[in-house]
2 protein chains.
Amino acid sequence: MRKMRRKGLASMASQTVVTTPDTVDLGPAAGLSCRECGERFALGPIFACEICFGPLEVAYDFPSGDPEGLRKRIENGPENIWRYAPLLPVPADVASKPNLNPGWTKLVQADNLARELGVEPGKLHVKDDSGNPTHSFKDRVVAQAIEAARAFGFTTLSCSSTGNLAGAVGAAAARAGFRSCVFIPHDLEQGKVVMAAVYGGELVGIEGNYDDVNRFCSELIGDPAGEGWGFVNVNLRPYYGEGSKTLAYEICEQLGWRIPDQIVIPIASGSQLTKIDKGIQELIKLGLVEDRPYKIFGAQAEGCSPVSVAFKAGHDVVRPQKPDTIAKSLAIGNPADGPYVLDICRRTGGAVEDVTDEQIVDAIKLLARTEGIFTETAGGTTLGVAKKLIEAGAIDPSLTTVVINTGDGLKTLDAVAPTAGMSAVIRPNLDSFREAGLA
Amino acid sequence: MRKMRRKGLASMASQTVVTTPDTVDLGPAAGLSCRECGERFALGPIFACEICFGPLEVAYDFPSGDPEGLRKRIENGPENIWRYAPLLPVPADVASKPNLNPGWTKLVQADNLARELGVEPGKLHVKDDSGNPTHSFKDRVVAQAIEAARAFGFTTLSCSSTGNLAGAVGAAAARAGFRSCVFIPHDLEQGKVVMAAVYGGELVGIEGNYDDVNRFCSELIGDPAGEGWGFVNVNLRPYYGEGSKTLAYEICEQLGWRIPDQIVIPIASGSQLTKIDKGIQELIKLGLVEDRPYKIFGAQAEGCSPVSVAFKAGHDVVRPQKPDTIAKSLAIGNPADGPYVLDICRRTGGAVEDVTDEQIVDAIKLLARTEGIFTETAGGTTLGVAKKLIEAGAIDPSLTTVVINTGDGLKTLDAVAPTAGMSAVIRPNLDSFREAGLA
């Protein structure tokens, strides 16, 4: 079943490698390995296994034997994701290259929120990735893709996008000195177009929907016209995805090199959730954190809940849905990593849950009202699910919980606009002020 | 002349102090002193001198004699403005209280931008305050006001605002556990209303323009209905303003405890510029940086350039203007600190300059295209002026220059929308792609 679904990808898996493997320096990255059959490949701009069509991921030769030294090295590193360079597919001198240096965002101890949700004081944290350069976690993954693109000799950075990713690629490419050419549906909202176009790269509208945009990108990768082009979420995907590991590293380090008991993570393709689990497993293997139980919870919107539905039904297979939700950045009806998400949530004793659009908006306003953090719809989904799971007893309110906020509310203003307005309009005098009951 | 202008304020200067001075712990803050006549007052929610109506500012008893120890203490402090708690009007344990913890934003070495402007590599930096919690430098000043409000026993936080400040106050109050009530013109754009309302405080539209809003707030402060209300930029203004000093501290520390040769700063009321100068002078007196010459440059929009006009005409007095510019956050036609700005820019050998709205938009796009930083119109003004001064030879391209980016482009999308769109719209196939000349 899984293999059949991936056949479309496999036809592109043998794209010409621009640089030969022995000139590629991506630090501890030793090669690519197939997540299904384990087959190994040299580092290159490939993303699907030639044998079984499974997805490829980065395999590492990690430093070993001196966890204390490694921990010190990280703690003395830069205040961004490059402090973890020894654990990422990037050259050792990555911090000296021009890039946006995302990461090391705040882990906010959310005591006001904890009080409202009945969680013990000091136990609830929000990992606030709206603090990244373009205000979403996408900056983490794009930064990885850029370093791979450099290593492979690509000169143009590209992606298909409906929002956050377009801006993240445009900004990162500008700073890193790449040409960028980003493909979007031609009828995208003007605000999102501006956010992506301002960085000066090519922004190309495709007459069609997001599926048409993706299909076109796949065609371009297989064509000579796509020579020298790095598509961050296609032929650079194995590297790109590794950026999400840094969320796990930062959370554990910020908790004093300790794994939280419970983590709630949004699910779009599911990649972020699987990489956070991978990051935790690496920290354990390297001796940087104590090996202890933790539970991973996945969050979806009811209007696009294929993984949640599969989880609740006890299925291993995820049945695609046609998305209909305000959480547009999570609206992937056929999530590539869905089966892996199911494995991880079941293995760790977590769960996958979904919430309605109304609950998403309520959660956005709850977080703003209690902690002064304005999150986008994806963050509202994640917090909404956390609230639901606490109320249902699935998340233990006496244990440490981290909720991931992947992006900024300024990007999805429309979602809250109908219910966030002025509380009163008055004339400019004290009588009018008193009449309105504000005194 | 100055005194007459301030008479309106002085009538409010004797508002009841909620807490008695000896219970107020604001760390090194020893009292308030009049910037005009030097008269001293006890710490309290007052902002104008009872003797001469001059503006009050915080006076300190700073630690002395051990610069190396102080520097170490700062370097080991939290990664936010509270690392400078020994230099700010806040209690020593401020970092343990609930607040948004702004600051310690990136100082970006802008080599791509330097190349375009003909500045020596490594010499041009952008201090990027869009990385603050609500994405503008206002988080710095509001954080100070909150600590003063706590010290004075206020329970409601308030301000008049047309944008950034409303959101900053709403967010900070939510996190810190204050009620908030913010006053805005009733016809503000919906996006800005949403950004301010989402934090759940009272957001009150006033039927009138921004001047009417301000007049109403002044009335409220003098009325029993305003008892217990802290207006961050009125009766808490002396504390509020000190937040901008942290920009100077951070810039110098991030440059290795060294004063930059040249700093370009936007002018609205002019407070930020004067406080950055104050911060540098403090670092010199405390022995934290070497005493060396530096030049301060002020930036305005042509459509609201009262300080620039006065500077060029050699006047000491600033003649008010009626603002008409896209740089709305800088559109203060009668800037309170204008005369002080003139003093500082002349004393340091700097200048004040202005740019057109078109140059502002060009500068926004220049910064995005070269460094991947999307700034708001205020930042565009500042960079536009920096560019103009470099071209005119007033800023030396061989010396270290820091340009302040006060806020995020997501807040002023409208300014760039007309000129930041798709480069092409194509059908989803390779022929259409080639026809558009994108291959």
# chains A, B, ... in the order shown; residues from 1 in each chain; ligands from 1
call {"tool": "select_by_dssp", "arguments": {"residues": "stretch 104-322 of chain A", "states": "strand (DSSP E or B)", "output": "NGL selection string"}}
result
:A and (107-109 or 124-128 or 136 or 156-160 or 179-185 or 202-206 or 229-231 or 262-266 or 295-301 or 304)
call {"tool": "interface_residues", "arguments": {"of": "chain B", "to": "chain A", "cutoff": "7 Å", "atoms": "only C-alpha atoms", "output": "mmCIF file with all heavy atoms, in the first residue's frame"}}
result
data_model
loop_
_atom_site.group_PDB
_atom_site.id
_atom_site.type_symbol
_atom_site.label_atom_id
_atom_site.label_comp_id
_atom_site.auth_asym_id
_atom_site.auth_seq_id
_atom_site.Cartn_x
_atom_site.Cartn_y
_atom_site.Cartn_z
ATOM 1 N N GLY B 131 12.471 40.946 15.893
ATOM 2 C CA GLY B 131 12.534 39.676 16.616
ATOM 3 C C GLY B 131 11.922 39.725 18.010
ATOM 4 O O GLY B 131 11.887 38.712 18.709
ATOM 5 N N PRO B 133 8.882 39.976 20.966
ATOM 6 C CA PRO B 133 7.648 39.175 21.069
ATOM 7 C C PRO B 133 6.485 39.664 20.207
ATOM 8 O O PRO B 133 5.832 38.860 19.552
ATOM 9 C CB PRO B 133 7.312 39.241 22.559
ATOM 10 C CG PRO B 133 8.647 39.387 23.225
ATOM 11 C CD PRO B 133 9.468 40.244 22.309
ATOM 12 N N ALA B 171 -0.477 42.523 24.897
ATOM 13 C CA ALA B 171 0.255 41.266 25.092
ATOM 14 C C ALA B 171 0.970 41.256 26.444
ATOM 15 O O ALA B 171 0.882 40.290 27.206
ATOM 16 C CB ALA B 171 1.251 41.067 23.956
ATOM 17 N N ALA B 172 1.677 42.338 26.735
ATOM 18 C CA ALA B 172 2.465 42.379 27.972
ATOM 19 C C ALA B 172 1.559 42.337 29.196
ATOM 20 O O ALA B 172 1.866 41.667 30.191
ATOM 21 C CB ALA B 172 3.335 43.634 27.990
ATOM 22 N N ALA B 174 -1.420 40.979 29.417
ATOM 23 C CA ALA B 174 -1.969 39.624 29.538
ATOM 24 C C ALA B 174 -0.993 38.709 30.279
ATOM 25 O O ALA B 174 -1.354 38.039 31.243
ATOM 26 C CB ALA B 174 -2.277 39.057 28.151
ATOM 27 N N ARG B 175 0.239 38.728 29.834
ATOM 28 C CA ARG B 175 1.254 37.854 30.436
ATOM 29 C C ARG B 175 1.544 38.252 31.887
ATOM 30 O O ARG B 175 1.776 37.396 32.738
ATOM 31 C CB ARG B 175 2.516 37.937 29.579
ATOM 32 C CG ARG B 175 3.761 37.341 30.171
ATOM 33 C CD ARG B 175 3.938 35.877 29.822
ATOM 34 N NE ARG B 175 5.190 35.381 30.373
ATOM 35 C CZ ARG B 175 5.411 34.124 30.735
ATOM 36 N NH1 ARG B 175 4.476 33.214 30.556
ATOM 37 N NH2 ARG B 175 6.560 33.755 31.238
ATOM 38 N N HIS B 186 -11.459 55.307 16.353
ATOM 39 C CA HIS B 186 -12.478 54.292 16.052
ATOM 40 C C HIS B 186 -12.397 53.766 14.616
ATOM 41 O O HIS B 186 -12.957 52.723 14.299
ATOM 42 C CB HIS B 186 -13.879 54.874 16.287
ATOM 43 C CG HIS B 186 -14.286 55.869 15.247
ATOM 44 N ND1 HIS B 186 -13.647 57.078 15.090
ATOM 45 C CD2 HIS B 186 -15.241 55.831 14.289
ATOM 46 C CE1 HIS B 186 -14.199 57.753 14.095
ATOM 47 N NE2 HIS B 186 -15.167 57.025 13.594
ATOM 48 N N GLY B 191 -7.060 45.137 10.415
ATOM 49 C CA GLY B 191 -5.902 44.311 10.764
ATOM 50 C C GLY B 191 -5.276 44.755 12.073
ATOM 51 O O GLY B 191 -4.953 43.940 12.938
ATOM 52 N N VAL B 193 -6.717 46.484 14.432
ATOM 53 C CA VAL B 193 -7.671 46.232 15.518
ATOM 54 C C VAL B 193 -7.539 44.783 15.997
ATOM 55 O O VAL B 193 -7.457 44.515 17.196
ATOM 56 C CB VAL B 193 -9.119 46.520 15.059
ATOM 57 C CG1 VAL B 193 -10.125 46.048 16.111
ATOM 58 C CG2 VAL B 193 -9.304 48.000 14.762
ATOM 59 N N VAL B 194 -7.471 43.858 15.060
ATOM 60 C CA VAL B 194 -7.350 42.438 15.418
ATOM 61 C C VAL B 194 -6.068 42.187 16.208
ATOM 62 O O VAL B 194 -6.083 41.529 17.249
ATOM 63 C CB VAL B 194 -7.375 41.552 14.151
ATOM 64 C CG1 VAL B 194 -7.082 40.100 14.515
ATOM 65 C CG2 VAL B 194 -8.717 41.666 13.452
ATOM 66 N N ALA B 197 -6.711 43.486 19.662
ATOM 67 C CA ALA B 197 -7.858 42.948 20.402
ATOM 68 C C ALA B 197 -7.674 41.495 20.815
ATOM 69 O O ALA B 197 -8.294 41.038 21.777
ATOM 70 C CB ALA B 197 -9.127 43.074 19.562
ATOM 71 N N VAL B 198 -6.816 40.780 20.106
ATOM 72 C CA VAL B 198 -6.727 39.329 20.323
ATOM 73 C C VAL B 198 -6.255 38.980 21.733
ATOM 74 O O VAL B 198 -6.550 37.897 22.235
ATOM 75 C CB VAL B 198 -5.810 38.691 19.246
ATOM 76 C CG1 VAL B 198 -4.355 39.017 19.487
ATOM 77 C CG2 VAL B 198 -6.023 37.188 19.186
ATOM 78 N N TYR B 199 -5.570 39.918 22.398
ATOM 79 C CA TYR B 199 -5.041 39.625 23.731
ATOM 80 C C TYR B 199 -6.106 39.714 24.828
ATOM 81 O O TYR B 199 -5.809 39.489 26.002
ATOM 82 C CB TYR B 199 -3.855 40.539 24.038
ATOM 83 C CG TYR B 199 -2.741 40.365 23.027
ATOM 84 C CD1 TYR B 199 -2.532 41.294 22.017
ATOM 85 C CD2 TYR B 199 -1.931 39.236 23.069
ATOM 86 C CE1 TYR B 199 -1.535 41.115 21.071
ATOM 87 C CE2 TYR B 199 -0.928 39.044 22.116
ATOM 88 C CZ TYR B 199 -0.741 39.995 21.117
ATOM 89 O OH TYR B 199 0.237 39.790 20.189
ATOM 90 N N GLY B 200 -7.319 40.099 24.430
ATOM 91 C CA GLY B 200 -8.439 39.978 25.361
ATOM 92 C C GLY B 200 -8.669 41.145 26.298
ATOM 93 O O GLY B 200 -9.595 41.109 27.102
ATOM 94 N N GLU B 202 -9.553 45.308 27.152
ATOM 95 C CA GLU B 202 -10.529 46.242 26.566
ATOM 96 C C GLU B 202 -9.830 47.027 25.467
ATOM 97 O O GLU B 202 -8.724 47.537 25.663
ATOM 98 C CB GLU B 202 -11.032 47.231 27.627
ATOM 99 C CG GLU B 202 -11.607 46.606 28.868
ATOM 100 C CD GLU B 202 -13.042 46.118 28.675
ATOM 101 O OE1 GLU B 202 -13.595 46.328 27.575
ATOM 102 O OE2 GLU B 202 -13.580 45.501 29.607
ATOM 103 N N LEU B 203 -10.462 47.119 24.310
ATOM 104 C CA LEU B 203 -9.948 47.938 23.211
ATOM 105 C C LEU B 203 -11.071 48.907 22.862
ATOM 106 O O LEU B 203 -12.114 48.495 22.361
ATOM 107 C CB LEU B 203 -9.588 47.056 22.023
ATOM 108 C CG LEU B 203 -8.938 47.773 20.843
ATOM 109 C CD1 LEU B 203 -7.530 48.232 21.193
ATOM 110 C CD2 LEU B 203 -8.900 46.860 19.623
ATOM 111 N N VAL B 204 -10.849 50.174 23.169
ATOM 112 C CA VAL B 204 -11.932 51.148 23.059
ATOM 113 C C VAL B 204 -11.671 52.110 21.905
ATOM 114 O O VAL B 204 -10.638 52.786 21.864
ATOM 115 C CB VAL B 204 -12.085 51.935 24.383
ATOM 116 C CG1 VAL B 204 -13.200 52.970 24.265
ATOM 117 C CG2 VAL B 204 -12.346 50.977 25.533
ATOM 118 N N GLY B 205 -12.606 52.137 20.968
ATOM 119 C CA GLY B 205 -12.525 53.090 19.863
ATOM 120 C C GLY B 205 -13.038 54.444 20.308
ATOM 121 O O GLY B 205 -14.078 54.529 20.962
ATOM 122 N N ILE B 206 -12.314 55.496 19.972
ATOM 123 C CA ILE B 206 -12.732 56.854 20.309
ATOM 124 C C ILE B 206 -13.184 57.550 19.026
ATOM 125 O O ILE B 206 -12.437 57.561 18.037
ATOM 126 C CB ILE B 206 -11.540 57.642 20.928
ATOM 127 C CG1 ILE B 206 -11.066 56.991 22.234
ATOM 128 C CG2 ILE B 206 -11.904 59.114 21.129
ATOM 129 C CD1 ILE B 206 -11.916 57.285 23.445
ATOM 130 N N GLU B 207 -14.384 58.116 19.070
ATOM 131 C CA GLU B 207 -14.886 58.844 17.891
ATOM 132 C C GLU B 207 -14.104 60.146 17.756
ATOM 133 O O GLU B 207 -14.379 61.134 18.428
ATOM 134 C CB GLU B 207 -16.384 59.124 18.049
ATOM 135 C CG GLU B 207 -17.230 57.863 17.897
ATOM 136 C CD GLU B 207 -18.709 58.119 18.175
ATOM 137 O OE1 GLU B 207 -19.064 59.273 18.479
ATOM 138 O OE2 GLU B 207 -19.483 57.146 18.110
ATOM 139 N N ASP B 212 -7.651 63.561 19.503
ATOM 140 C CA ASP B 212 -8.802 63.419 20.390
ATOM 141 C C ASP B 212 -8.577 62.282 21.386
ATOM 142 O O ASP B 212 -8.942 62.386 22.559
ATOM 143 C CB ASP B 212 -10.077 63.143 19.572
ATOM 144 C CG ASP B 212 -10.444 64.315 18.671
ATOM 145 O OD1 ASP B 212 -10.390 65.464 19.154
ATOM 146 O OD2 ASP B 212 -10.775 64.088 17.491
ATOM 147 N N VAL B 213 -7.982 61.188 20.911
ATOM 148 C CA VAL B 213 -7.703 60.053 21.788
ATOM 149 C C VAL B 213 -6.760 60.493 22.909
ATOM 150 O O VAL B 213 -6.987 60.209 24.090
ATOM 151 C CB VAL B 213 -7.084 58.876 20.999
ATOM 152 C CG1 VAL B 213 -6.766 57.714 21.930
ATOM 153 C CG2 VAL B 213 -8.008 58.423 19.883
ATOM 154 N N PHE B 216 -8.442 62.789 25.443
ATOM 155 C CA PHE B 216 -9.301 62.014 26.331
ATOM 156 C C PHE B 216 -8.475 61.303 27.408
ATOM 157 O O PHE B 216 -8.845 61.290 28.589
ATOM 158 C CB PHE B 216 -10.141 61.007 25.548
ATOM 159 C CG PHE B 216 -10.831 60.031 26.442
ATOM 160 C CD1 PHE B 216 -11.929 60.419 27.205
ATOM 161 C CD2 PHE B 216 -10.356 58.733 26.577
ATOM 162 C CE1 PHE B 216 -12.538 59.531 28.081
ATOM 163 C CE2 PHE B 216 -10.963 57.841 27.443
ATOM 164 C CZ PHE B 216 -12.055 58.239 28.192
ATOM 165 N N LEU B 220 -8.696 61.516 31.502
ATOM 166 C CA LEU B 220 -8.929 60.333 32.332
ATOM 167 C C LEU B 220 -7.898 60.225 33.456
ATOM 168 O O LEU B 220 -8.223 59.838 34.583
ATOM 169 C CB LEU B 220 -8.902 59.073 31.442
ATOM 170 C CG LEU B 220 -9.222 57.725 32.088
ATOM 171 C CD1 LEU B 220 -10.531 57.770 32.861
ATOM 172 C CD2 LEU B 220 -9.284 56.627 31.023
ATOM 173 N N ALA B 225 -11.851 58.338 37.903
ATOM 174 C CA ALA B 225 -12.058 57.116 37.107
ATOM 175 C C ALA B 225 -10.729 56.516 36.652
ATOM 176 O O ALA B 225 -10.642 55.323 36.359
ATOM 177 C CB ALA B 225 -12.929 57.425 35.885
ATOM 178 N N LYS B 365 12.309 47.187 0.305
ATOM 179 C CA LYS B 365 12.570 46.109 -0.641
ATOM 180 C C LYS B 365 14.076 45.819 -0.766
ATOM 181 O O LYS B 365 14.479 44.672 -0.967
ATOM 182 C CB LYS B 365 11.939 46.445 -1.986
ATOM 183 C CG LYS B 365 10.403 46.420 -1.894
ATOM 184 C CD LYS B 365 9.724 47.094 -3.048
ATOM 185 C CE LYS B 365 9.612 46.176 -4.224
ATOM 186 N NZ LYS B 365 8.819 46.842 -5.314
ATOM 187 N N ALA B 368 14.967 43.602 2.223
ATOM 188 C CA ALA B 368 14.418 42.260 2.032
ATOM 189 C C ALA B 368 15.235 41.487 0.996
ATOM 190 O O ALA B 368 15.588 40.332 1.198
ATOM 191 C CB ALA B 368 12.957 42.355 1.596
ATOM 192 N N ARG B 369 15.565 42.153 -0.089
ATOM 193 C CA ARG B 369 16.256 41.522 -1.219
ATOM 194 C C ARG B 369 17.700 41.152 -0.875
ATOM 195 O O ARG B 369 18.234 40.166 -1.387
ATOM 196 C CB ARG B 369 16.221 42.513 -2.389
ATOM 197 C CG ARG B 369 16.945 42.153 -3.631
ATOM 198 C CD ARG B 369 16.532 43.047 -4.817
ATOM 199 N NE ARG B 369 16.769 44.469 -4.606
ATOM 200 C CZ ARG B 369 17.961 45.084 -4.691
ATOM 201 N NH1 ARG B 369 19.044 44.372 -4.959
ATOM 202 N NH2 ARG B 369 18.077 46.388 -4.495
ATOM 203 N N THR B 370 18.349 41.958 -0.013
ATOM 204 C CA THR B 370 19.757 41.709 0.278
ATOM 205 C C THR B 370 19.968 40.839 1.519
ATOM 206 O O THR B 370 20.872 40.004 1.541
ATOM 207 C CB THR B 370 20.527 43.035 0.487
ATOM 208 O OG1 THR B 370 19.842 43.825 1.476
ATOM 209 C CG2 THR B 370 20.627 43.816 -0.811
ATOM 210 N N GLU B 371 19.139 41.037 2.546
ATOM 211 C CA GLU B 371 19.403 40.360 3.815
ATOM 212 C C GLU B 371 18.264 39.463 4.287
ATOM 213 O O GLU B 371 18.364 38.849 5.354
ATOM 214 C CB GLU B 371 19.713 41.400 4.914
ATOM 215 C CG GLU B 371 20.911 42.303 4.600
ATOM 216 C CD GLU B 371 22.227 41.538 4.473
ATOM 217 O OE1 GLU B 371 22.304 40.399 4.955
ATOM 218 O OE2 GLU B 371 23.172 42.085 3.864
ATOM 219 N N GLY B 372 17.162 39.410 3.527
ATOM 220 C CA GLY B 372 16.038 38.576 3.942
ATOM 221 C C GLY B 372 15.323 39.106 5.162
ATOM 222 O O GLY B 372 14.659 38.361 5.875
ATOM 223 N N ILE B 373 15.454 40.405 5.426
ATOM 224 C CA ILE B 373 14.761 41.028 6.555
ATOM 225 C C ILE B 373 13.647 41.914 6.009
ATOM 226 O O ILE B 373 13.904 42.815 5.220
ATOM 227 C CB ILE B 373 15.724 41.885 7.404
ATOM 228 C CG1 ILE B 373 16.824 41.012 8.012
ATOM 229 C CG2 ILE B 373 14.962 42.637 8.503
ATOM 230 C CD1 ILE B 373 17.930 41.810 8.696
ATOM 231 N N LEU B 410 5.319 42.752 8.363
ATOM 232 C CA LEU B 410 3.974 42.170 8.364
ATOM 233 C C LEU B 410 2.953 43.178 8.886
ATOM 234 O O LEU B 410 1.762 43.049 8.629
ATOM 235 C CB LEU B 410 3.926 40.919 9.249
ATOM 236 C CG LEU B 410 4.696 39.696 8.771
ATOM 237 C CD1 LEU B 410 4.491 38.534 9.733
ATOM 238 C CD2 LEU B 410 4.247 39.291 7.378
ATOM 239 N N LEU B 413 1.964 45.861 5.628
ATOM 240 C CA LEU B 413 1.913 45.210 4.312
ATOM 241 C C LEU B 413 1.415 46.157 3.219
ATOM 242 O O LEU B 413 1.890 46.110 2.078
ATOM 243 C CB LEU B 413 0.986 43.988 4.356
ATOM 244 C CG LEU B 413 1.532 42.691 4.951
ATOM 245 C CD1 LEU B 413 0.446 41.617 4.903
ATOM 246 C CD2 LEU B 413 2.773 42.219 4.217
ATOM 247 N N ALA B 417 2.441 46.548 -0.835
ATOM 248 C CA ALA B 417 1.537 45.733 -1.656
ATOM 249 C C ALA B 417 1.485 46.182 -3.126
ATOM 250 O O ALA B 417 1.521 45.333 -4.027
ATOM 251 C CB ALA B 417 0.142 45.713 -1.045
ATOM 252 N N ALA B 420 4.838 44.826 -4.803
ATOM 253 C CA ALA B 420 5.400 43.496 -4.527
ATOM 254 C C ALA B 420 4.366 42.447 -4.898
ATOM 255 O O ALA B 420 3.494 42.104 -4.099
ATOM 256 C CB ALA B 420 5.812 43.375 -3.060
ATOM 257 N N GLY B 421 4.431 41.970 -6.107
ATOM 258 C CA GLY B 421 3.461 40.980 -6.572
ATOM 259 C C GLY B 421 4.137 39.834 -7.294
ATOM 260 O O GLY B 421 5.360 39.682 -7.251
ATOM 261 N N MET B 422 3.330 39.026 -7.971
ATOM 262 C CA MET B 422 3.890 37.894 -8.718
ATOM 263 C C MET B 422 4.674 38.395 -9.924
ATOM 264 O O MET B 422 4.304 39.375 -10.562
ATOM 265 C CB MET B 422 2.754 36.996 -9.194
ATOM 266 C CG MET B 422 2.057 36.291 -8.046
ATOM 267 S SD MET B 422 0.800 35.124 -8.634
ATOM 268 C CE MET B 422 -0.601 35.651 -7.654
ATOM 269 N N SER B 423 5.775 37.710 -10.228
ATOM 270 C CA SER B 423 6.569 38.102 -11.389
ATOM 271 C C SER B 423 5.967 37.550 -12.671
ATOM 272 O O SER B 423 6.218 38.077 -13.757
ATOM 273 C CB SER B 423 8.025 37.666 -11.221
ATOM 274 O OG SER B 423 8.148 36.475 -10.501
ATOM 275 N N ALA B 424 5.175 36.481 -12.556
ATOM 276 C CA ALA B 424 4.525 35.908 -13.742
ATOM 277 C C ALA B 424 3.397 34.994 -13.295
ATOM 278 O O ALA B 424 3.400 34.495 -12.168
ATOM 279 C CB ALA B 424 5.537 35.114 -14.567
ATOM 280 N N VAL B 425 2.417 34.807 -14.163
ATOM 281 C CA VAL B 425 1.394 33.783 -13.943
ATOM 282 C C VAL B 425 1.432 32.869 -15.159
ATOM 283 O O VAL B 425 1.377 33.341 -16.299
ATOM 284 C CB VAL B 425 -0.015 34.399 -13.780
ATOM 285 C CG1 VAL B 425 -1.071 33.301 -13.678
ATOM 286 C CG2 VAL B 425 -0.073 35.293 -12.544
ATOM 287 N N ILE B 426 1.598 31.576 -14.925
ATOM 288 C CA ILE B 426 1.734 30.638 -16.044
ATOM 289 C C ILE B 426 0.764 29.470 -15.887
ATOM 290 O O ILE B 426 0.224 29.231 -14.811
ATOM 291 C CB ILE B 426 3.183 30.086 -16.146
ATOM 292 C CG1 ILE B 426 3.524 29.245 -14.902
ATOM 293 C CG2 ILE B 426 4.191 31.227 -16.321
ATOM 294 C CD1 ILE B 426 4.852 28.499 -15.018
ATOM 295 N N ARG B 427 0.562 28.742 -16.994
ATOM 296 C CA ARG B 427 -0.197 27.505 -16.923
ATOM 297 C C ARG B 427 0.722 26.412 -16.358
ATOM 298 O O ARG B 427 1.950 26.536 -16.446
ATOM 299 C CB ARG B 427 -0.702 27.121 -18.323
ATOM 300 C CG ARG B 427 -1.733 28.121 -18.875
ATOM 301 C CD ARG B 427 -2.244 27.711 -20.260
ATOM 302 N NE ARG B 427 -1.163 27.522 -21.221
ATOM 303 C CZ ARG B 427 -0.498 28.512 -21.837
ATOM 304 N NH1 ARG B 427 -0.793 29.786 -21.577
ATOM 305 N NH2 ARG B 427 0.458 28.240 -22.694
ATOM 306 N N PRO B 428 0.160 25.353 -15.767
ATOM 307 C CA PRO B 428 1.004 24.363 -15.087
ATOM 308 C C PRO B 428 1.703 23.412 -16.050
ATOM 309 O O PRO B 428 1.500 22.196 -15.992
ATOM 310 C CB PRO B 428 0.020 23.632 -14.168
ATOM 311 C CG PRO B 428 -1.309 23.816 -14.787
ATOM 312 C CD PRO B 428 -1.282 25.080 -15.576
ATOM 313 N N ASN B 429 2.535 23.947 -16.958
ATOM 314 C CA ASN B 429 3.323 23.064 -17.819
ATOM 315 C C ASN B 429 4.629 23.735 -18.233
ATOM 316 O O ASN B 429 4.790 24.954 -18.123
ATOM 317 C CB ASN B 429 2.503 22.626 -19.047
ATOM 318 C CG ASN B 429 2.100 23.813 -19.898
ATOM 319 O OD1 ASN B 429 2.953 24.575 -20.382
ATOM 320 N ND2 ASN B 429 0.793 24.002 -20.070
ATOM 321 N N LEU B 430 5.555 22.938 -18.714
ATOM 322 C CA LEU B 430 6.910 23.422 -19.003
ATOM 323 C C LEU B 430 6.938 24.418 -20.156
ATOM 324 O O LEU B 430 7.754 25.351 -20.158
ATOM 325 C CB LEU B 430 7.841 22.241 -19.292
ATOM 326 C CG LEU B 430 8.190 21.395 -18.059
ATOM 327 C CD1 LEU B 430 8.861 20.087 -18.477
ATOM 328 C CD2 LEU B 430 9.087 22.171 -17.099
ATOM 329 N N ALA B 439 13.183 29.824 -17.478
ATOM 330 C CA ALA B 439 14.112 28.688 -17.491
ATOM 331 C C ALA B 439 15.566 29.171 -17.453
ATOM 332 O O ALA B 439 15.847 30.311 -17.783
ATOM 333 C CB ALA B 439 13.865 27.832 -18.726
#
call {"tool": "select_by_dssp", "arguments": {"residues": "stretch 74-105 of chain A", "states": "helix (DSSP H, G or I)", "output": "list in words"}}
result
Ile74, Glu75, Ile81, Trp82, Arg83, Tyr84, Ala85, Pro86, Leu87, Val94, Ala95 and Ser96 of chain A
call {"tool": "write_last_selection", "arguments": {"atoms": "N, CA and C atoms", "output": "compact mmCIF listing (two decimals), in the first residue's frame"}}
result
# COMPACT_ATOMS: atom_id res chain seq x y z
N ILE A 74 28.06 22.46 22.67
CA ILE A 74 26.76 23.00 22.25
C ILE A 74 26.43 24.26 23.06
N GLU A 75 26.60 24.17 24.37
CA GLU A 75 26.23 25.31 25.23
C GLU A 75 27.06 26.56 24.92
N ILE A 81 20.21 27.64 15.68
CA ILE A 81 20.27 26.18 15.44
C ILE A 81 21.69 25.66 15.21
N TRP A 82 22.61 26.55 14.84
CA TRP A 82 23.96 26.06 14.52
C TRP A 82 24.74 25.63 15.75
N ARG A 83 24.22 25.87 16.95
CA ARG A 83 24.84 25.30 18.14
C ARG A 83 24.80 23.77 18.06
N TYR A 84 23.84 23.25 17.28
CA TYR A 84 23.72 21.79 17.12
C TYR A 84 24.37 21.29 15.84
N ALA A 85 25.25 22.08 15.24
CA ALA A 85 25.89 21.68 13.98
C ALA A 85 26.48 20.26 14.05
N PRO A 86 27.06 19.83 15.19
CA PRO A 86 27.61 18.47 15.23
C PRO A 86 26.56 17.38 15.04
N LEU A 87 25.28 17.74 15.13
CA LEU A 87 24.20 16.75 15.00
C LEU A 87 23.36 16.95 13.74
N VAL A 94 29.39 26.08 9.39
CA VAL A 94 28.11 26.62 8.90
C VAL A 94 27.76 27.99 9.50
N ALA A 95 28.10 28.21 10.76
CA ALA A 95 27.69 29.45 11.41
C ALA A 95 28.36 30.68 10.81
N SER A 96 29.44 30.47 10.06
CA SER A 96 30.14 31.62 9.47
C SER A 96 29.61 31.96 8.08
